[in-house]
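K.L.:
Before anything else, here's the structure in question.
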Amino acid sequence: MLGLMVIFTIAQVVCRTWFTSLSWSEEATRFLLIWSTFFGAACVYRHNGNIAITFIQDLFPSRFKTFLKILVHGICFVLFCVLCYYGFLYCGRQVRTAAVIPVKMKYIYMCLPISMIVMAIHAVVMMFEEAK
């Protein structure tokens with residue numbers, strides 16, 4: 001997705017400079033950025049790449065640390081499920097089409113519930129990994 005964004009942006013600059021401007025490239029780049037952000041967040045969550053404040057957690061013994069990690073992943077699982085539910089509700093209400101590209105906006109907004117499903121699965125897997 002990021003590669004397509006770069007290609008579309010370069011094509012837009014070239015076409016705007018020497019030819020006729022592309023009407024769809026800005027919108028396509030924006031939609032790709034939205035999708036890559038949500039799926040990038042899922043990848044970062046799975047690999048524990050997100051920012052974490054662990055100084056309180058480090059004060060406790062390792063058995064309690066494990067319990068805290070499982071608890072945090074459980075809370076994240078609930079959050080992801082809630083966001084998925086409301087994401088599907090929001091997508092169901094979208095009937096309009098994008099401004100330039102003939103795509104319904106509900107398909108653009110589907111990145112939220114789909115990525116939340118992926119993140120919820122990651123949360124469950126990580127809870128089981130911590131429990132081992």
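A note on labels: chains of the structure tokens are A, B, ... as shown, every chain counts residues from 1, and ligands are counted from 1 in their shown order.
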Can you tell me, as a ChimeraX atom specification, which residues in segment 27-83 of chain A count as alpha helix (DSSP H) by DSSP?
P.N.:
/A:27-46,62-83
K.L.:
Using only C-alpha atoms, I'd like a table of the residues in segment 11-45 of chain A that come within 12 Å of segment 106-125 of chain A; for each, show the closest atom pair and its distance in Å rounded to one decimal, ordered by chain and ascending number, as JSON lines.
P.N.:
{"residue": "A:Glu27", "atom": "CA", "partner": "A:Ile108", "partner_atom": "CA", "distance": 11.0}
{"residue": "A:Ala28", "atom": "CA", "partner": "A:Ile108", "partner_atom": "CA", "distance": 10.2}
{"residue": "A:Thr29", "atom": "CA", "partner": "A:Ile108", "partner_atom": "CA", "distance": 11.9}
{"residue": "A:Arg30", "atom": "CA", "partner": "A:Ile108", "partner_atom": "CA", "distance": 10.1}
{"residue": "A:Phe31", "atom": "CA", "partner": "A:Ile108", "partner_atom": "CA", "distance": 6.6}
{"residue": "A:Leu32", "atom": "CA", "partner": "A:Ile108", "partner_atom": "CA", "distance": 8.9}
{"residue": "A:Leu33", "atom": "CA", "partner": "A:Ile108", "partner_atom": "CA", "distance": 10.7}
{"residue": "A:Ile34", "atom": "CA", "partner": "A:Cys111", "partner_atom": "CA", "distance": 7.7}
{"residue": "A:Trp35", "atom": "CA", "partner": "A:Cys111", "partner_atom": "CA", "distance": 5.7}
{"residue": "A:Ser36", "atom": "CA", "partner": "A:Cys111", "partner_atom": "CA", "distance": 8.9}
{"residue": "A:Thr37", "atom": "CA", "partner": "A:Cys111", "partner_atom": "CA", "distance": 9.3}
{"residue": "A:Phe38", "atom": "CA", "partner": "A:Ser115", "partner_atom": "CA", "distance": 6.0}
{"residue": "A:Phe39", "atom": "CA", "partner": "A:Ser115", "partner_atom": "CA", "distance": 5.7}
{"residue": "A:Gly40", "atom": "CA", "partner": "A:Ser115", "partner_atom": "CA", "distance": 9.0}
{"residue": "A:Ala41", "atom": "CA", "partner": "A:Ser115", "partner_atom": "CA", "distance": 8.2}
{"residue": "A:Ala42", "atom": "CA", "partner": "A:Met119", "partner_atom": "CA", "distance": 5.3}
{"residue": "A:Cys43", "atom": "CA", "partner": "A:Met119", "partner_atom": "CA", "distance": 8.3}
{"residue": "A:Val44", "atom": "CA", "partner": "A:Met119", "partner_atom": "CA", "distance": 9.7}
{"residue": "A:Tyr45", "atom": "CA", "partner": "A:Met119", "partner_atom": "CA", "distance": 7.2}
K.L.:
Just give me the gap between atom CA of Ile7 of chain A and atom CA of Ser25 of chain A in Å, one decimal is fine.
P.N.:
9.4 Å
K.L.:
Hey, what's within 9 Å of Met127 of chain A if we count only C-alpha atoms and toss same-chain stuff fewer than 5 positions away? As a ChimeraX atom specification, please?
P.N.:
/A:69-74,122,132
